Amino acid sequence: MQRTNIKFEVFKYSMLTLVAIFVLFPVYYMITLSLRSQSSLFTKSTLLPVDSNLDNYRAAFENTDFKRALLNSVIVCGTATAIAVLFSVMAAYSLVILKFKGRDTLGRIIIIAFLTPGALLFIPLAVIMANIGLSNSLQGLILVYLSFMVPLGTYLLIGFFRSLPPELEEAARIDGASRMQALWMVLLPLVAPGLVSVAIITFTGAYNELLYSLVINISPEMRTVPVAILNLSVADEVPWGRTMAFSSIAALPVMAIYFVGQRFVVEGLQTGSVKG
């Protein structure tokens, strides 16, 4: 029995090591390339950080367009995430707790909206933003991001609200609480891990989004991080070292958010998937 346990532990940690290598190798490769010059990348083909220097990172911090794009991404994604979480909470609560005609149909529509590819919507959304005068603006990009963040957040939060006993909301109503009071004071604290996980997932999806930002915001002052990194390439020449350095810096906000909220994400996804 003891030998079997030892073999299992060896197998388990061997698999975990392989998964860790598979996940961390792209990060290592990105950082390694970011520390090398363009000429070194083409003259010395190696995975080791040879001829390392910080020139690409200095260029990133001295690049005004990149710093503006980083700030734009934080503003747009942070604002859109806050609004999306608020709307998603109200929508998920309505679809799970309230009973009204057409509830199931509305839920299916939200799922269809969540599954609709962005490539089918970017032209209509760009035309709408142009007609209402919100092209080349952060406000317009926030509205566009809500088109996929709210369905995603609603879809995820439905599972969390279904995991709650219906007697909780009924007991709060019997004690004299309104529906809004029952939602904000009784139900929301119980689905807090879900709110955090939804906020992190939707923020990451918006932060990494390229197509909508590329089409809707044309002016350099309104670019987000993915567009700014894309514009580092000139014709067929890609400055790999500088691109990787910019990407490494751009990844820091999302990595910090996941590091702080990873426990809530894991707990939230488990709750939403098992009990939803």
# chains A, B, ... in the order shown; residues from 1 in each chain; ligands from 1
call {"tool": "residues_around", "arguments": {"residues": "Met149 (chain A)", "least_positions_apart": "5", "cutoff": "10 Å", "atoms": "only C-alpha atoms", "output": "list in words"}}
result
Ala80, Thr81, Ile83, Ala84, Val85, Phe87, Ser88, Phe114, Ile142, Leu143, Val144, Thr154, Tyr155, Val198, Ala199, Ile201, Thr202, Phe203, Gly205 and Ala206 of chain A
call {"tool": "closest_atom_pairs", "arguments": {"of": "region 127-169 of chain A", "to": "region 184-192 of chain A", "cutoff": "8 Å", "atoms": "only C-alpha atoms", "output": "tab-separated table"}}
result
residue	atom	partner	partner_atom	distance
A:Phe160	CA	A:Val191	CA	6.2
A:Phe161	CA	A:Val191	CA	7.3
A:Leu164	CA	A:Leu187	CA	7.9
A:Leu168	CA	A:Val186	CA	7.5
A:Glu169	CA	A:Leu187	CA	7.3
call {"tool": "atom_distance", "arguments": {"atom1": "CA of Pro239 (chain A)", "atom2": "CA of Asn136 (chain A)"}}
result
27.0 Å
call {"tool": "select_by_dssp", "arguments": {"residues": "region 1-201 of chain A", "states": "alpha helix (DSSP H)", "output": "count of residues only"}}
result
154
call {"tool": "closest_residue", "arguments": {"among": "A:Val196, A:Ala92, A:Val150, A:Leu214", "to": "Leu183 (chain A)", "atoms": "only C-alpha atoms"}}
result
A:Ala92
call {"tool": "closest_residue", "arguments": {"among": "A:Leu98, A:Leu152, A:Met180, A:Leu54", "to": "Ser197 (chain A)", "atoms": "only C-alpha atoms"}}
result
A:Leu152
call {"tool": "closest_atom_pairs", "arguments": {"of": "region 123-228 of chain A", "to": "region 65-77 of chain A", "cutoff": "9 Å", "atoms": "only C-alpha atoms", "output": "tab-separated table"}}
result
residue	atom	partner	partner_atom	distance
A:Leu138	CA	A:Val76	CA	6.3
A:Gln139	CA	A:Val76	CA	7.7
A:Leu141	CA	A:Val76	CA	7.1
A:Ile142	CA	A:Val76	CA	5.7
A:Tyr145	CA	A:Cys77	CA	8.2
A:Thr202	CA	A:Cys77	CA	8.4
A:Phe203	CA	A:Cys77	CA	5.7
A:Thr204	CA	A:Cys77	CA	8.2
A:Gly205	CA	A:Cys77	CA	8.9
A:Ala206	CA	A:Cys77	CA	5.8
A:Tyr207	CA	A:Cys77	CA	6.0
A:Pro220	CA	A:Asp65	CA	7.3
A:Glu221	CA	A:Arg68	CA	7.1
A:Met222	CA	A:Asn72	CA	6.9
A:Arg223	CA	A:Ala69	CA	5.3
A:Thr224	CA	A:Ala69	CA	4.5
A:Val225	CA	A:Ala69	CA	5.0
A:Pro226	CA	A:Ala69	CA	8.5
A:Val227	CA	A:Ala69	CA	8.2
A:Ala228	CA	A:Phe66	CA	6.1
call {"tool": "write_last_selection", "arguments": {"atoms": "N, CA, C and O atoms", "output": "PDB file, in the first residue's frame"}}
result
ATOM      1  N   LEU A 138     -13.237  56.690 -25.949  1.00  0.00           N
ATOM      2  CA  LEU A 138     -13.210  55.623 -24.956  1.00  0.00           C
ATOM      3  C   LEU A 138     -14.618  55.230 -24.530  1.00  0.00           C
ATOM      4  O   LEU A 138     -14.880  54.069 -24.228  1.00  0.00           O
ATOM      5  N   GLN A 139     -15.531  56.204 -24.528  1.00  0.00           N
ATOM      6  CA  GLN A 139     -16.916  55.895 -24.161  1.00  0.00           C
ATOM      7  C   GLN A 139     -17.549  54.922 -25.150  1.00  0.00           C
ATOM      8  O   GLN A 139     -18.259  53.992 -24.752  1.00  0.00           O
ATOM      9  N   LEU A 141     -15.967  52.724 -26.981  1.00  0.00           N
ATOM     10  CA  LEU A 141     -15.349  51.408 -26.820  1.00  0.00           C
ATOM     11  C   LEU A 141     -15.903  50.700 -25.590  1.00  0.00           C
ATOM     12  O   LEU A 141     -16.088  49.479 -25.598  1.00  0.00           O
ATOM     13  N   ILE A 142     -16.184  51.457 -24.541  1.00  0.00           N
ATOM     14  CA  ILE A 142     -16.796  50.857 -23.351  1.00  0.00           C
ATOM     15  C   ILE A 142     -18.158  50.259 -23.693  1.00  0.00           C
ATOM     16  O   ILE A 142     -18.476  49.130 -23.291  1.00  0.00           O
ATOM     17  N   TYR A 145     -17.666  47.048 -25.678  1.00  0.00           N
ATOM     18  CA  TYR A 145     -17.198  45.947 -24.840  1.00  0.00           C
ATOM     19  C   TYR A 145     -18.332  45.363 -23.995  1.00  0.00           C
ATOM     20  O   TYR A 145     -18.351  44.169 -23.714  1.00  0.00           O
ATOM     21  N   THR A 202     -14.074  38.900 -17.140  1.00  0.00           N
ATOM     22  CA  THR A 202     -14.528  39.896 -18.108  1.00  0.00           C
ATOM     23  C   THR A 202     -13.466  40.963 -18.342  1.00  0.00           C
ATOM     24  O   THR A 202     -13.284  41.433 -19.472  1.00  0.00           O
ATOM     25  N   PHE A 203     -12.752  41.361 -17.289  1.00  0.00           N
ATOM     26  CA  PHE A 203     -11.676  42.346 -17.448  1.00  0.00           C
ATOM     27  C   PHE A 203     -10.592  41.799 -18.371  1.00  0.00           C
ATOM     28  O   PHE A 203     -10.097  42.508 -19.259  1.00  0.00           O
ATOM     29  N   THR A 204     -10.224  40.543 -18.174  1.00  0.00           N
ATOM     30  CA  THR A 204      -9.187  39.938 -19.015  1.00  0.00           C
ATOM     31  C   THR A 204      -9.633  39.864 -20.466  1.00  0.00           C
ATOM     32  O   THR A 204      -8.858  40.155 -21.382  1.00  0.00           O
ATOM     33  N   GLY A 205     -10.895  39.469 -20.699  1.00  0.00           N
ATOM     34  CA  GLY A 205     -11.392  39.390 -22.063  1.00  0.00           C
ATOM     35  C   GLY A 205     -11.378  40.732 -22.761  1.00  0.00           C
ATOM     36  O   GLY A 205     -11.012  40.837 -23.939  1.00  0.00           O
ATOM     37  N   ALA A 206     -11.756  41.793 -22.039  1.00  0.00           N
ATOM     38  CA  ALA A 206     -11.744  43.129 -22.633  1.00  0.00           C
ATOM     39  C   ALA A 206     -10.313  43.646 -22.812  1.00  0.00           C
ATOM     40  O   ALA A 206     -10.005  44.306 -23.806  1.00  0.00           O
ATOM     41  N   TYR A 207      -9.451  43.349 -21.858  1.00  0.00           N
ATOM     42  CA  TYR A 207      -8.072  43.835 -21.911  1.00  0.00           C
ATOM     43  C   TYR A 207      -7.318  43.244 -23.105  1.00  0.00           C
ATOM     44  O   TYR A 207      -6.452  43.902 -23.701  1.00  0.00           O
ATOM     45  N   PRO A 220      -4.537  57.596 -32.894  1.00  0.00           N
ATOM     46  CA  PRO A 220      -3.502  57.059 -31.986  1.00  0.00           C
ATOM     47  C   PRO A 220      -3.780  57.356 -30.515  1.00  0.00           C
ATOM     48  O   PRO A 220      -3.391  56.574 -29.651  1.00  0.00           O
ATOM     49  N   GLU A 221      -4.469  58.467 -30.215  1.00  0.00           N
ATOM     50  CA  GLU A 221      -4.711  58.839 -28.826  1.00  0.00           C
ATOM     51  C   GLU A 221      -5.691  57.900 -28.138  1.00  0.00           C
ATOM     52  O   GLU A 221      -5.741  57.861 -26.898  1.00  0.00           O
ATOM     53  N   MET A 222      -6.477  57.155 -28.902  1.00  0.00           N
ATOM     54  CA  MET A 222      -7.512  56.306 -28.332  1.00  0.00           C
ATOM     55  C   MET A 222      -7.172  54.817 -28.437  1.00  0.00           C
ATOM     56  O   MET A 222      -8.027  53.978 -28.169  1.00  0.00           O
ATOM     57  N   ARG A 223      -5.966  54.481 -28.802  1.00  0.00           N
ATOM     58  CA  ARG A 223      -5.590  53.080 -28.932  1.00  0.00           C
ATOM     59  C   ARG A 223      -5.491  52.405 -27.574  1.00  0.00           C
ATOM     60  O   ARG A 223      -5.158  53.022 -26.570  1.00  0.00           O
ATOM     61  N   THR A 224      -5.775  51.105 -27.587  1.00  0.00           N
ATOM     62  CA  THR A 224      -5.560  50.287 -26.401  1.00  0.00           C
ATOM     63  C   THR A 224      -4.266  49.496 -26.567  1.00  0.00           C
ATOM     64  O   THR A 224      -3.608  49.553 -27.612  1.00  0.00           O
ATOM     65  N   VAL A 225      -3.889  48.755 -25.539  1.00  0.00           N
ATOM     66  CA  VAL A 225      -2.596  48.064 -25.530  1.00  0.00           C
ATOM     67  C   VAL A 225      -2.433  47.086 -26.703  1.00  0.00           C
ATOM     68  O   VAL A 225      -1.395  47.102 -27.371  1.00  0.00           O
ATOM     69  N   PRO A 226      -3.405  46.205 -27.001  1.00  0.00           N
ATOM     70  CA  PRO A 226      -3.204  45.284 -28.126  1.00  0.00           C
ATOM     71  C   PRO A 226      -2.955  46.004 -29.451  1.00  0.00           C
ATOM     72  O   PRO A 226      -2.120  45.564 -30.257  1.00  0.00           O
ATOM     73  N   VAL A 227      -3.653  47.110 -29.683  1.00  0.00           N
ATOM     74  CA  VAL A 227      -3.460  47.863 -30.927  1.00  0.00           C
ATOM     75  C   VAL A 227      -2.089  48.534 -30.934  1.00  0.00           C
ATOM     76  O   VAL A 227      -1.412  48.574 -31.962  1.00  0.00           O
ATOM     77  N   ALA A 228      -1.677  49.073 -29.793  1.00  0.00           N
ATOM     78  CA  ALA A 228      -0.360  49.713 -29.709  1.00  0.00           C
ATOM     79  C   ALA A 228       0.758  48.718 -29.989  1.00  0.00           C
ATOM     80  O   ALA A 228       1.736  49.038 -30.680  1.00  0.00           O
TER      81      ALA A 228
END
